[in-house]
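**Student:** Here you go, entry03.cif (mmCIF, C-alpha atoms):
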data_upload
loop_
_atom_site.label_atom_id
_atom_site.label_comp_id
_atom_site.auth_asym_id
_atom_site.auth_seq_id
_atom_site.Cartn_x
_atom_site.Cartn_y
_atom_site.Cartn_z
CA MET A 1 -16.79 2.46 145.66
CA HIS A 2 -18.80 4.62 148.05
CA LEU A 3 -22.12 3.17 149.24
CA GLY A 4 -25.11 5.41 149.90
CA LEU A 5 -28.80 5.25 150.72
CA CYS A 6 -31.66 7.13 149.10
CA THR A 7 -33.66 8.39 152.07
CA SER A 8 -34.53 11.37 154.23
CA ALA A 9 -31.40 12.20 156.20
CA SER A 10 -33.34 13.92 158.97
CA ALA A 11 -36.08 11.28 159.32
CA ASN A 12 -33.51 8.51 159.72
CA ALA A 13 -30.68 10.48 161.31
CA GLY A 14 -30.04 8.16 164.24
CA LEU A 15 -30.03 5.02 162.14
CA ILE A 16 -27.80 6.56 159.49
CA ALA A 17 -25.31 7.86 162.04
CA GLY A 18 -24.75 4.36 163.41
CA SER A 19 -24.49 2.68 160.02
CA THR A 20 -21.54 1.91 157.77
CA LEU A 21 -22.98 4.06 154.99
CA ASP A 22 -20.56 6.37 153.23
CA TYR A 23 -23.17 8.99 152.34
CA VAL A 24 -26.87 9.82 151.95
CA GLU A 25 -28.81 10.59 148.78
CA GLU A 26 -31.61 13.06 149.50
CA ASN A 27 -34.53 14.28 147.41
CA VAL A 28 -34.61 17.60 145.54
CA GLN A 29 -38.36 18.04 145.89
CA GLY A 30 -38.54 16.99 149.53
CA PHE A 31 -35.29 18.44 150.85
CA LEU A 32 -33.96 21.24 148.65
CA LEU A 33 -37.53 22.50 147.98
CA PRO A 34 -36.67 25.04 145.25
CA ARG A 35 -40.15 26.63 145.38
CA ASP A 36 -39.83 27.44 149.09
CA SER A 37 -38.12 30.82 149.38
CA ASP A 38 -38.01 30.73 153.19
CA ALA A 39 -34.28 30.88 153.94
CA ALA A 40 -34.80 30.17 157.63
CA ALA A 41 -36.82 27.04 156.87
CA TRP A 42 -34.08 25.86 154.51
CA ALA A 43 -31.44 26.44 157.18
CA ARG A 44 -33.47 24.34 159.64
CA ARG A 45 -33.89 21.49 157.13
CA LEU A 46 -30.19 21.54 156.41
CA ALA A 47 -29.24 21.45 160.09
CA GLU A 48 -31.66 18.59 160.76
CA ALA A 49 -30.29 16.62 157.82
CA LYS A 50 -26.67 17.11 158.87
CA ALA A 51 -27.52 15.56 162.23
CA CYS A 52 -27.30 12.18 160.49
CA GLY A 53 -23.50 12.49 160.69
CA LYS A 54 -22.91 11.32 157.12
CA PRO A 55 -22.23 13.52 154.08
CA ILE A 56 -25.21 14.24 151.86
CA ARG A 57 -23.58 13.79 148.48
CA ALA A 58 -26.52 13.44 146.09
CA ALA A 59 -30.19 14.28 145.60
CA ASN A 60 -32.70 12.67 143.25
CA CYS A 61 -36.11 13.55 141.78
CA PHE A 62 -34.85 16.74 140.15
CA LEU A 63 -37.99 18.11 138.44
CA PRO A 64 -41.62 17.66 139.53
CA GLY A 65 -44.23 16.32 137.13
CA ASP A 66 -45.96 19.70 136.93
CA LEU A 67 -42.82 21.21 135.38
CA PRO A 68 -42.56 19.40 132.02
CA CYS A 69 -39.19 19.57 130.29
CA VAL A 70 -40.38 18.20 126.93
CA GLY A 71 -43.56 18.66 124.95
CA PRO A 72 -45.71 21.66 123.96
CA ALA A 73 -45.96 23.23 127.44
CA VAL A 74 -42.33 23.68 128.49
CA ASP A 75 -41.64 26.75 130.62
CA ARG A 76 -37.88 27.08 130.40
CA ALA A 77 -37.77 30.18 132.59
CA ALA A 78 -39.54 28.29 135.38
CA ILE A 79 -37.19 25.32 135.00
CA ARG A 80 -34.17 27.61 135.10
CA ALA A 81 -35.46 29.33 138.24
CA TRP A 82 -36.07 25.94 139.89
CA ALA A 83 -32.64 24.67 138.90
CA THR A 84 -30.83 27.81 140.03
CA ILE A 85 -32.16 27.45 143.57
CA ALA A 86 -31.71 23.67 143.61
CA PHE A 87 -28.06 23.88 142.56
CA ALA A 88 -27.27 26.70 145.00
CA ARG A 89 -28.82 24.83 147.94
CA ALA A 90 -27.09 21.65 146.82
CA LYS A 91 -23.74 23.37 147.13
CA GLN A 92 -24.64 24.63 150.60
CA ALA A 93 -25.54 21.07 151.63
CA GLY A 94 -22.39 19.54 150.16
CA ILE A 95 -24.35 17.78 147.43
CA THR A 96 -22.23 17.23 144.33
CA THR A 97 -24.65 15.11 142.27
CA ILE A 98 -28.26 15.77 141.28
CA VAL A 99 -30.14 12.95 139.59
CA PHE A 100 -32.28 13.86 136.59
CA GLY A 101 -34.73 10.98 136.40
CA SER A 102 -38.02 12.87 136.71
CA GLY A 103 -40.16 10.50 134.64
CA GLY A 104 -43.27 12.64 134.97
CA SER A 105 -41.49 15.77 133.80
CA ARG A 106 -39.74 14.20 130.84
CA ARG A 107 -42.50 11.89 129.61
CA ILE A 108 -43.21 12.66 125.95
CA PRO A 109 -46.92 13.55 125.57
CA ASP A 110 -48.99 11.38 123.24
CA GLY A 111 -48.74 12.61 119.68
CA PHE A 112 -45.73 14.86 120.32
CA ASP A 113 -42.82 14.39 117.93
CA ARG A 114 -40.14 12.27 119.58
CA ALA A 115 -37.24 13.86 117.69
CA ARG A 116 -38.43 17.30 118.77
CA ALA A 117 -38.70 16.15 122.39
CA ARG A 118 -35.17 14.78 122.26
CA ALA A 119 -33.88 18.07 120.84
CA GLN A 120 -35.68 19.98 123.62
CA PHE A 121 -34.06 17.79 126.26
CA VAL A 122 -30.56 18.07 124.81
CA ASP A 123 -30.97 21.84 124.57
CA LEU A 124 -32.14 21.97 128.19
CA LEU A 125 -29.07 20.02 129.33
CA LYS A 126 -26.86 22.52 127.50
CA GLU A 127 -28.53 25.30 129.47
CA LEU A 128 -28.56 23.59 132.87
CA GLY A 129 -25.11 22.01 132.75
CA PRO A 130 -23.15 25.26 133.19
CA LEU A 131 -25.52 26.37 135.97
CA ALA A 132 -24.82 23.11 137.81
CA ALA A 133 -21.08 23.26 137.19
CA ALA A 134 -20.94 26.81 138.55
CA GLN A 135 -22.14 25.38 141.89
CA SER A 136 -19.75 22.39 141.74
CA VAL A 137 -22.71 20.11 140.98
CA THR A 138 -23.00 17.41 138.35
CA LEU A 139 -26.43 16.77 136.82
CA VAL A 140 -26.67 13.07 135.96
CA VAL A 141 -29.24 11.84 133.42
CA GLU A 142 -31.00 8.73 134.74
CA PRO A 143 -32.43 6.21 132.26
CA LEU A 144 -35.68 4.75 133.63
CA ASN A 145 -37.43 1.51 132.72
CA THR A 146 -40.17 1.51 130.10
CA GLY A 147 -42.85 0.94 132.73
CA GLU A 148 -42.03 4.29 134.31
CA CYS A 149 -41.28 6.54 131.35
CA ASN A 150 -41.33 6.58 127.54
CA PHE A 151 -38.13 8.57 127.04
CA ILE A 152 -34.52 7.72 127.92
CA THR A 153 -35.17 4.12 128.86
CA SER A 154 -31.71 2.61 128.42
CA VAL A 155 -28.16 3.47 129.36
CA ASP A 156 -27.28 3.53 125.67
CA GLU A 157 -30.01 6.09 124.95
CA GLY A 158 -28.94 8.20 127.91
CA ALA A 159 -25.29 8.03 126.84
CA ALA A 160 -26.15 9.25 123.34
CA ILE A 161 -28.04 12.22 124.76
CA VAL A 162 -25.24 13.14 127.17
CA ARG A 163 -22.75 12.94 124.31
CA ASP A 164 -24.95 15.18 122.16
CA ALA A 165 -25.29 17.71 124.98
CA ALA A 166 -21.51 17.68 125.45
CA THR A 167 -21.63 20.25 128.20
CA PRO A 168 -19.82 20.69 131.52
CA GLY A 169 -21.88 19.65 134.49
CA VAL A 170 -23.84 16.88 132.71
CA ARG A 171 -23.04 13.17 132.91
CA LEU A 172 -24.84 9.83 133.10
CA LEU A 173 -26.32 7.51 135.71
CA ALA A 174 -26.78 3.74 135.43
CA ASP A 175 -29.60 2.29 137.53
CA ILE A 176 -29.17 -1.47 137.76
CA TYR A 177 -32.78 -1.94 138.89
CA HIS A 178 -34.12 -0.23 135.76
CA MET A 179 -31.67 -2.17 133.62
CA LEU A 180 -32.83 -5.46 135.13
CA ARG A 181 -36.51 -4.59 134.69
CA ASP A 182 -36.05 -4.08 130.95
CA GLY A 183 -33.46 -6.78 130.38
CA GLU A 184 -30.70 -4.33 129.53
CA GLY A 185 -27.38 -6.10 129.85
CA PRO A 186 -24.15 -4.82 131.40
CA ALA A 187 -22.51 -4.19 128.01
CA SER A 188 -24.14 -0.75 127.92
CA ILE A 189 -22.20 0.16 131.08
CA THR A 190 -19.01 -0.77 129.29
CA ARG A 191 -20.00 1.31 126.27
CA ALA A 192 -20.85 4.32 128.44
CA GLY A 193 -17.47 4.17 130.15
CA GLY A 194 -16.33 7.49 131.52
CA LEU A 195 -19.71 9.14 131.01
CA LEU A 196 -20.96 7.39 134.14
CA ALA A 197 -20.86 9.48 137.30
CA HIS A 198 -23.45 7.81 139.55
CA VAL A 199 -25.12 4.41 140.03
CA HIS A 200 -28.35 3.20 141.66
CA ILE A 201 -29.14 -0.39 142.63
CA ALA A 202 -32.06 -2.52 143.84
CA GLU A 203 -33.37 -6.01 143.17
CA ARG A 204 -35.46 -6.58 140.08
CA GLU A 205 -38.78 -8.08 141.12
CA LYS A 206 -40.01 -5.87 143.96
CA ARG A 207 -37.30 -3.20 144.10
CA THR A 208 -36.01 -4.67 147.32
CA ALA A 209 -32.56 -4.03 148.76
CA PRO A 210 -29.60 -6.27 147.94
CA GLY A 211 -29.82 -9.57 149.77
CA VAL A 212 -33.60 -9.70 150.21
CA ALA A 213 -34.49 -11.80 147.17
CA GLY A 214 -30.92 -12.90 146.49
CA ASP A 215 -30.40 -11.16 143.15
CA ASP A 216 -26.91 -11.62 141.74
CA PHE A 217 -25.66 -8.27 140.40
CA ALA A 218 -22.29 -9.73 139.38
CA PRO A 219 -22.41 -8.98 135.62
CA TYR A 220 -23.23 -5.32 136.26
CA LEU A 221 -20.74 -4.89 139.09
CA ARG A 222 -18.04 -6.52 136.99
CA ALA A 223 -18.82 -4.10 134.17
CA LEU A 224 -18.45 -1.17 136.57
CA ALA A 225 -15.14 -2.56 137.83
CA GLY A 226 -14.06 -3.10 134.25
CA ILE A 227 -14.42 0.60 133.36
CA GLY A 228 -12.67 1.62 136.56
CA TYR A 229 -15.78 3.10 138.13
CA ASP A 230 -15.06 3.98 141.75
CA GLY A 231 -17.76 6.56 142.45
CA ASN A 232 -21.04 6.58 144.35
CA LEU A 233 -23.46 3.63 144.41
CA SER A 234 -26.81 4.32 146.07
CA ILE A 235 -29.31 1.74 147.26
CA GLU A 236 -32.69 3.02 146.01
CA SER A 237 -35.20 0.48 147.26
CA GLY A 238 -38.18 -0.18 149.45
CA TRP A 239 -37.75 -1.37 153.04
CA GLN A 240 -39.87 -3.31 155.50
CA ASP A 241 -37.58 -2.60 158.44
CA LEU A 242 -34.72 -0.26 157.55
CA ALA A 243 -32.91 -0.71 160.86
CA VAL A 244 -32.76 -4.47 160.42
CA GLN A 245 -32.36 -4.69 156.65
CA LEU A 246 -29.81 -1.93 155.97
CA PRO A 247 -26.79 -3.61 157.64
CA ALA A 248 -27.53 -6.85 155.80
CA ALA A 249 -27.96 -5.01 152.48
CA LEU A 250 -24.66 -3.18 152.86
CA ALA A 251 -22.85 -6.38 153.81
CA GLU A 252 -24.27 -8.23 150.81
CA LEU A 253 -23.49 -5.40 148.42
CA ARG A 254 -19.93 -5.13 149.70
CA ARG A 255 -19.56 -8.90 149.32
CA GLN A 256 -20.70 -8.80 145.71
CA LEU A 257 -18.53 -5.76 144.98
CA GLY A 258 -15.50 -7.58 146.38
CA LEU A 259 -16.13 -10.55 144.11
CA ALA A 260 -16.59 -8.25 141.12
CA ARG A 261 -13.29 -6.51 141.78
CA GLN A 262 -11.52 -9.87 142.11
CA ALA A 263 -13.02 -11.02 138.81
CA ALA A 264 -11.99 -7.80 137.08
CA VAL A 265 -8.39 -8.17 138.28
CA ALA A 266 -8.25 -11.83 137.34
CA GLY A 267 -9.94 -11.31 134.00
#
As structure tokens, how would this structure be written, given the file I've shared?
**Tutor:**
Amino acid sequence: MHLGLCTSASANAGLIAGSTLDYVEENVQGFLLPRDSDAAAWARRLAEAKACGKPIRAANCFLPGDLPCVGPAVDRAAIRAWATIAFARAKQAGITTIVFGSGGSRRIPDGFDRARARAQFVDLLKELGPLAAAQSVTLVVEPLNTGECNFITSVDEGAAIVRDAATPGVRLLADIYHMLRDGEGPASITRAGGLLAHVHIAEREKRTAPGVAGDDFAPYLRALAGIGYDGNLSIESGWQDLAVQLPAALAELRRQLGLARQAAVAG
């Protein structure tokens, strides 16, 4: 499994370069900046990010809150324009995965029909998936916890939506932090199986990095090993001192992953 960090590649370039990270996960809204048409500025951001010396394989926070993707005020043309630039710049940066969490964008407005919102979202995935695939990008739907969003709040719900969309360029993410917050067990990872294309992780209570509070992720990591998942796993957490805590977090995560693989082989 490849271990990554959700962070600004340019802001932490020196630290990242000296780490044992496999890759960096950037931010669509802060790095790709689809509304900024300045090609020179984009070229500078890209060069600064690549100075970290690690591949930038993913980017999260796909849509901003002021660009709703469900509800009565959806502007599909604006979303398509945003996505077209985001996917094109992603390809230029070497990003192959864009995370579609975007709780503010996909929150269902009060009083809006839930079934209609779900249909809007599935239809949007059918439109965006081919655009992503054309740029060698996979758009992964991220289930969030119920404290952060009211729509797609479990891996099972996300898997059902991805299956209904059934389009190239769209797959699923499992975020172990969100799963822990809502008490969602690892069985949903097993049920999702090959739909999973990306994973996030952090500790449950304060969204700290692995090893800070001592959370045991074993059931979830064993489930990933059990389905043969060998893709990207990004630490998406808060940090008090990244330079000090990152090596310890990576060591702890690799330790737990090793135990999970052993258990999967033995079991």
**Student:** Find the residues of region 121-187 of chain A that sit at most 7 Å from region 93-98 of chain A; for each, write down the nearest two atoms and how far apart they are in Å, to one decimal. Count only C-alpha atoms. Sort by chain, then by number going up, and give it as a Markdown table.
**Tutor:**
| residue | atom | partner | partner_atom | distance |
| --- | --- | --- | --- | --- |
| A:Ser136 | CA | A:Thr96 | CA | 6.3 |
| A:Val137 | CA | A:Thr96 | CA | 4.4 |
| A:Thr138 | CA | A:Thr97 | CA | 4.8 |
| A:Leu139 | CA | A:Ile98 | CA | 4.9 |
| A:Val140 | CA | A:Ile98 | CA | 6.2 |
**Student:** My list of candidates is A:Gly104, A:Pro168, A:Pro34, A:Pro130. Which is closest to Gly147 (chain A) when distances are computed with only C-alpha atoms?
**Tutor:**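 Ranked by minimum distance to Gly147 (chain A), first place goes to A:Gly104.
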**Student:** If you count all atoms listed in the file, which residues fall within 9 Å of Leu3 (chain A), apart from same-chain ones fewer than 4 positions away, as a list of chain:residue names?
**Tutor:**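 Contacts, in chain order: A:Thr20, A:Leu21, A:Asp22, A:Tyr23, A:Val24, A:Gly231, A:Asn232, A:Leu233, A:Ser234, A:Ile235, A:Leu250, A:Leu253, A:Arg254.
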**Student:** Could you dump the residues just selected with C-alpha atoms as a compact mmCIF listing (two decimals), keeping the file's coordinate frame?
**Tutor:**
# COMPACT_ATOMS: atom_id res chain seq x y z
CA THR A 20 -21.54 1.91 157.77
CA LEU A 21 -22.98 4.06 154.99
CA ASP A 22 -20.56 6.37 153.23
CA TYR A 23 -23.17 8.99 152.34
CA VAL A 24 -26.87 9.82 151.95
CA GLY A 231 -17.76 6.56 142.45
CA ASN A 232 -21.04 6.58 144.35
CA LEU A 233 -23.46 3.63 144.41
CA SER A 234 -26.81 4.32 146.07
CA ILE A 235 -29.31 1.74 147.26
CA LEU A 250 -24.66 -3.18 152.86
CA LEU A 253 -23.49 -5.40 148.42
CA ARG A 254 -19.93 -5.13 149.70
**Student:** Starting from the PyMOL selection byres ((chain A and resi 161-167) around 12), expand the selection into actual residues of this file and give them as a ChimeraX atom specification.
**Tutor:** /A:100,115,117-133,138-143,151-160,168-173,192-197
**Student:** Can you write out the residues you just picked, keeping C-alpha atoms, as a PDB file, in the coordinates of the input?
**Tutor:**
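Okay, result.pdb is ready:
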ATOM      1  CA  PHE A 100     -32.280  13.860 136.590  1.00  0.00           C
ATOM      2  CA  ALA A 115     -37.240  13.860 117.690  1.00  0.00           C
ATOM      3  CA  ALA A 117     -38.700  16.150 122.390  1.00  0.00           C
ATOM      4  CA  ARG A 118     -35.170  14.780 122.260  1.00  0.00           C
ATOM      5  CA  ALA A 119     -33.880  18.070 120.840  1.00  0.00           C
ATOM      6  CA  GLN A 120     -35.680  19.980 123.620  1.00  0.00           C
ATOM      7  CA  PHE A 121     -34.060  17.790 126.260  1.00  0.00           C
ATOM      8  CA  VAL A 122     -30.560  18.070 124.810  1.00  0.00           C
ATOM      9  CA  ASP A 123     -30.970  21.840 124.570  1.00  0.00           C
ATOM     10  CA  LEU A 124     -32.140  21.970 128.190  1.00  0.00           C
ATOM     11  CA  LEU A 125     -29.070  20.020 129.330  1.00  0.00           C
ATOM     12  CA  LYS A 126     -26.860  22.520 127.500  1.00  0.00           C
ATOM     13  CA  GLU A 127     -28.530  25.300 129.470  1.00  0.00           C
ATOM     14  CA  LEU A 128     -28.560  23.590 132.870  1.00  0.00           C
ATOM     15  CA  GLY A 129     -25.110  22.010 132.750  1.00  0.00           C
ATOM     16  CA  PRO A 130     -23.150  25.260 133.190  1.00  0.00           C
ATOM     17  CA  LEU A 131     -25.520  26.370 135.970  1.00  0.00           C
ATOM     18  CA  ALA A 132     -24.820  23.110 137.810  1.00  0.00           C
ATOM     19  CA  ALA A 133     -21.080  23.260 137.190  1.00  0.00           C
ATOM     20  CA  THR A 138     -23.000  17.410 138.350  1.00  0.00           C
ATOM     21  CA  LEU A 139     -26.430  16.770 136.820  1.00  0.00           C
ATOM     22  CA  VAL A 140     -26.670  13.070 135.960  1.00  0.00           C
ATOM     23  CA  VAL A 141     -29.240  11.840 133.420  1.00  0.00           C
ATOM     24  CA  GLU A 142     -31.000   8.730 134.740  1.00  0.00           C
ATOM     25  CA  PRO A 143     -32.430   6.210 132.260  1.00  0.00           C
ATOM     26  CA  PHE A 151     -38.130   8.570 127.040  1.00  0.00           C
ATOM     27  CA  ILE A 152     -34.520   7.720 127.920  1.00  0.00           C
ATOM     28  CA  THR A 153     -35.170   4.120 128.860  1.00  0.00           C
ATOM     29  CA  SER A 154     -31.710   2.610 128.420  1.00  0.00           C
ATOM     30  CA  VAL A 155     -28.160   3.470 129.360  1.00  0.00           C
ATOM     31  CA  ASP A 156     -27.280   3.530 125.670  1.00  0.00           C
ATOM     32  CA  GLU A 157     -30.010   6.090 124.950  1.00  0.00           C
ATOM     33  CA  GLY A 158     -28.940   8.200 127.910  1.00  0.00           C
ATOM     34  CA  ALA A 159     -25.290   8.030 126.840  1.00  0.00           C
ATOM     35  CA  ALA A 160     -26.150   9.250 123.340  1.00  0.00           C
ATOM     36  CA  PRO A 168     -19.820  20.690 131.520  1.00  0.00           C
ATOM     37  CA  GLY A 169     -21.880  19.650 134.490  1.00  0.00           C
ATOM     38  CA  VAL A 170     -23.840  16.880 132.710  1.00  0.00           C
ATOM     39  CA  ARG A 171     -23.040  13.170 132.910  1.00  0.00           C
ATOM     40  CA  LEU A 172     -24.840   9.830 133.100  1.00  0.00           C
ATOM     41  CA  LEU A 173     -26.320   7.510 135.710  1.00  0.00           C
ATOM     42  CA  ALA A 192     -20.850   4.320 128.440  1.00  0.00           C
ATOM     43  CA  GLY A 193     -17.470   4.170 130.150  1.00  0.00           C
ATOM     44  CA  GLY A 194     -16.330   7.490 131.520  1.00  0.00           C
ATOM     45  CA  LEU A 195     -19.710   9.140 131.010  1.00  0.00           C
ATOM     46  CA  LEU A 196     -20.960   7.390 134.140  1.00  0.00           C
ATOM     47  CA  ALA A 197     -20.860   9.480 137.300  1.00  0.00           C
TER      48      ALA A 197
END
**Student:** Quick one: which residues end up in the PyMOL selection byres ((chain A and resi 184) around 12) for this structure, as a PDB file with C-alpha atoms, in the frame of the given file?
**Tutor:**
ATOM      1  CA  PRO A 143     -32.430   6.210 132.260  1.00  0.00           C
ATOM      2  CA  LEU A 144     -35.680   4.750 133.630  1.00  0.00           C
ATOM      3  CA  ASN A 145     -37.430   1.510 132.720  1.00  0.00           C
ATOM      4  CA  THR A 146     -40.170   1.510 130.100  1.00  0.00           C
ATOM      5  CA  THR A 153     -35.170   4.120 128.860  1.00  0.00           C
ATOM      6  CA  SER A 154     -31.710   2.610 128.420  1.00  0.00           C
ATOM      7  CA  VAL A 155     -28.160   3.470 129.360  1.00  0.00           C
ATOM      8  CA  ASP A 156     -27.280   3.530 125.670  1.00  0.00           C
ATOM      9  CA  GLU A 157     -30.010   6.090 124.950  1.00  0.00           C
ATOM     10  CA  ALA A 174     -26.780   3.740 135.430  1.00  0.00           C
ATOM     11  CA  ASP A 175     -29.600   2.290 137.530  1.00  0.00           C
ATOM     12  CA  ILE A 176     -29.170  -1.470 137.760  1.00  0.00           C
ATOM     13  CA  TYR A 177     -32.780  -1.940 138.890  1.00  0.00           C
ATOM     14  CA  HIS A 178     -34.120  -0.230 135.760  1.00  0.00           C
ATOM     15  CA  MET A 179     -31.670  -2.170 133.620  1.00  0.00           C
ATOM     16  CA  LEU A 180     -32.830  -5.460 135.130  1.00  0.00           C
ATOM     17  CA  ARG A 181     -36.510  -4.590 134.690  1.00  0.00           C
ATOM     18  CA  ASP A 182     -36.050  -4.080 130.950  1.00  0.00           C
ATOM     19  CA  GLY A 183     -33.460  -6.780 130.380  1.00  0.00           C
ATOM     20  CA  GLY A 185     -27.380  -6.100 129.850  1.00  0.00           C
ATOM     21  CA  PRO A 186     -24.150  -4.820 131.400  1.00  0.00           C
ATOM     22  CA  ALA A 187     -22.510  -4.190 128.010  1.00  0.00           C
ATOM     23  CA  SER A 188     -24.140  -0.750 127.920  1.00  0.00           C
ATOM     24  CA  ILE A 189     -22.200   0.160 131.080  1.00  0.00           C
ATOM     25  CA  ARG A 204     -35.460  -6.580 140.080  1.00  0.00           C
ATOM     26  CA  PRO A 219     -22.410  -8.980 135.620  1.00  0.00           C
ATOM     27  CA  TYR A 220     -23.230  -5.320 136.260  1.00  0.00           C
TER      28      TYR A 220
END
**Student:** Can you tell me, as a compact mmCIF listing (two decimals) with C-alpha atoms, in the frame of the given file, which residues sit within 9 Å of (-34.4, 16.8, 138.5) in the file's frame, using all atoms listed in the file?
**Tutor:**
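Saved result, part_1.txt, follows:
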# COMPACT_ATOMS: atom_id res chain seq x y z
CA VAL A 28 -34.61 17.60 145.54
CA GLN A 29 -38.36 18.04 145.89
CA ALA A 59 -30.19 14.28 145.60
CA ASN A 60 -32.70 12.67 143.25
CA CYS A 61 -36.11 13.55 141.78
CA PHE A 62 -34.85 16.74 140.15
CA LEU A 63 -37.99 18.11 138.44
CA PRO A 64 -41.62 17.66 139.53
CA ALA A 83 -32.64 24.67 138.90
CA ALA A 86 -31.71 23.67 143.61
CA ILE A 98 -28.26 15.77 141.28
CA VAL A 99 -30.14 12.95 139.59
CA PHE A 100 -32.28 13.86 136.59
CA GLY A 101 -34.73 10.98 136.40
CA SER A 102 -38.02 12.87 136.71
CA SER A 105 -41.49 15.77 133.80
CA LEU A 139 -26.43 16.77 136.82
CA VAL A 140 -26.67 13.07 135.96
CA VAL A 141 -29.24 11.84 133.42
**Student:** Using the chain letters and residue numbers of this document, give as a list in words the residues selected by the PyMOL selection byres ((chain A and resi 19) around 10).
**Tutor:**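 Those residues are Gly14, Leu15, Ile16, Ala17, Gly18, Thr20, Leu21, Asp22, Cys52, Gly53, Lys54, Ala243, Leu246, Pro247 and Leu250 of chain A.
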**Student:** Choose the residue, out of A:Leu5, A:Ala266, A:Ala209, A:Ala78, that has the smallest atom-to-atom separation from Ala248 (chain A); count only C-alpha atoms.
**Tutor:**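 Among the listed residues, A:Ala209 lies closest to Ala248 (chain A).
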**Student:** Residues at most 9 Å from Leu32 (chain A), counting only C-alpha atoms, excluding those fewer than 5 positions away in the same chain, as a compact mmCIF listing (two decimals) with C-alpha atoms, in the coordinates of the input?
**Tutor:**
# COMPACT_ATOMS: atom_id res chain seq x y z
CA GLU A 26 -31.61 13.06 149.50
CA ASN A 27 -34.53 14.28 147.41
CA TRP A 42 -34.08 25.86 154.51
CA ARG A 45 -33.89 21.49 157.13
CA LEU A 46 -30.19 21.54 156.41
CA ALA A 59 -30.19 14.28 145.60
CA ILE A 85 -32.16 27.45 143.57
CA ALA A 86 -31.71 23.67 143.61
CA PHE A 87 -28.06 23.88 142.56
CA ARG A 89 -28.82 24.83 147.94
CA ALA A 90 -27.09 21.65 146.82
CA ALA A 93 -25.54 21.07 151.63
**Student:** Rounded to one decimal place, report the CA of Asn150 (chain A)-CA of Pro68 (chain A) distance in Å.
**Tutor:** 13.6 Å
**Student:** Find, counting only C-alpha atoms, the residue in A:Ala9, A:Cys149, A:Ala202, A:Ile108 that gets nearest to Pro72 (chain A).
**Tutor:**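 The shortest atom-to-atom distance to Pro72 (chain A) comes from A:Ile108.
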**Student:** Provide region 238-252 of chain A of the preceding structure as a file containing N, CA and C atoms, as a PDB file, in the first residue's frame.
**Tutor:**
ATOM      1  N   GLY A 238      -5.032  16.455  11.636  1.00  0.00           N
ATOM      2  CA  GLY A 238      -4.411  17.663  12.153  1.00  0.00           C
ATOM      3  C   GLY A 238      -3.032  17.326  12.708  1.00  0.00           C
ATOM      4  N   TRP A 239      -2.200  18.347  12.870  1.00  0.00           N
ATOM      5  CA  TRP A 239      -0.836  18.149  13.355  1.00  0.00           C
ATOM      6  C   TRP A 239      -0.468  19.265  14.318  1.00  0.00           C
ATOM      7  N   GLN A 240       0.238  18.921  15.383  1.00  0.00           N
ATOM      8  CA  GLN A 240       0.805  19.950  16.259  1.00  0.00           C
ATOM      9  C   GLN A 240       2.212  20.308  15.811  1.00  0.00           C
ATOM     10  N   ASP A 241       2.965  19.306  15.394  1.00  0.00           N
ATOM     11  CA  ASP A 241       4.318  19.519  14.886  1.00  0.00           C
ATOM     12  C   ASP A 241       4.552  18.477  13.807  1.00  0.00           C
ATOM     13  N   LEU A 242       4.310  18.851  12.556  1.00  0.00           N
ATOM     14  CA  LEU A 242       4.368  17.898  11.454  1.00  0.00           C
ATOM     15  C   LEU A 242       5.743  17.248  11.344  1.00  0.00           C
ATOM     16  N   ALA A 243       6.796  18.027  11.509  1.00  0.00           N
ATOM     17  CA  ALA A 243       8.143  17.489  11.357  1.00  0.00           C
ATOM     18  C   ALA A 243       8.434  16.388  12.363  1.00  0.00           C
ATOM     19  N   VAL A 244       7.917  16.531  13.564  1.00  0.00           N
ATOM     20  CA  VAL A 244       8.146  15.535  14.608  1.00  0.00           C
ATOM     21  C   VAL A 244       7.169  14.378  14.491  1.00  0.00           C
ATOM     22  N   GLN A 245       5.892  14.694  14.221  1.00  0.00           N
ATOM     23  CA  GLN A 245       4.849  13.675  14.277  1.00  0.00           C
ATOM     24  C   GLN A 245       4.755  12.808  13.026  1.00  0.00           C
ATOM     25  N   LEU A 246       5.119  13.347  11.859  1.00  0.00           N
ATOM     26  CA  LEU A 246       4.940  12.570  10.630  1.00  0.00           C
ATOM     27  C   LEU A 246       5.752  11.276  10.616  1.00  0.00           C
ATOM     28  N   PRO A 247       7.049  11.291  10.949  1.00  0.00           N
ATOM     29  CA  PRO A 247       7.782  10.008  10.940  1.00  0.00           C
ATOM     30  C   PRO A 247       7.163   8.973  11.873  1.00  0.00           C
ATOM     31  N   ALA A 248       6.719   9.406  13.044  1.00  0.00           N
ATOM     32  CA  ALA A 248       6.106   8.473  13.993  1.00  0.00           C
ATOM     33  C   ALA A 248       4.785   7.936  13.455  1.00  0.00           C
ATOM     34  N   ALA A 249       4.004   8.802  12.794  1.00  0.00           N
ATOM     35  CA  ALA A 249       2.718   8.378  12.237  1.00  0.00           C
ATOM     36  C   ALA A 249       2.924   7.352  11.136  1.00  0.00           C
ATOM     37  N   LEU A 250       3.887   7.594  10.263  1.00  0.00           N
ATOM     38  CA  LEU A 250       4.153   6.652   9.172  1.00  0.00           C
ATOM     39  C   LEU A 250       4.651   5.316   9.717  1.00  0.00           C
ATOM     40  N   ALA A 251       5.504   5.370  10.725  1.00  0.00           N
ATOM     41  CA  ALA A 251       6.009   4.128  11.317  1.00  0.00           C
ATOM     42  C   ALA A 251       4.879   3.331  11.954  1.00  0.00           C
ATOM     43  N   GLU A 252       3.999   4.006  12.673  1.00  0.00           N
ATOM     44  CA  GLU A 252       2.881   3.319  13.317  1.00  0.00           C
ATOM     45  C   GLU A 252       1.912   2.755  12.291  1.00  0.00           C
TER      46      GLU A 252
END
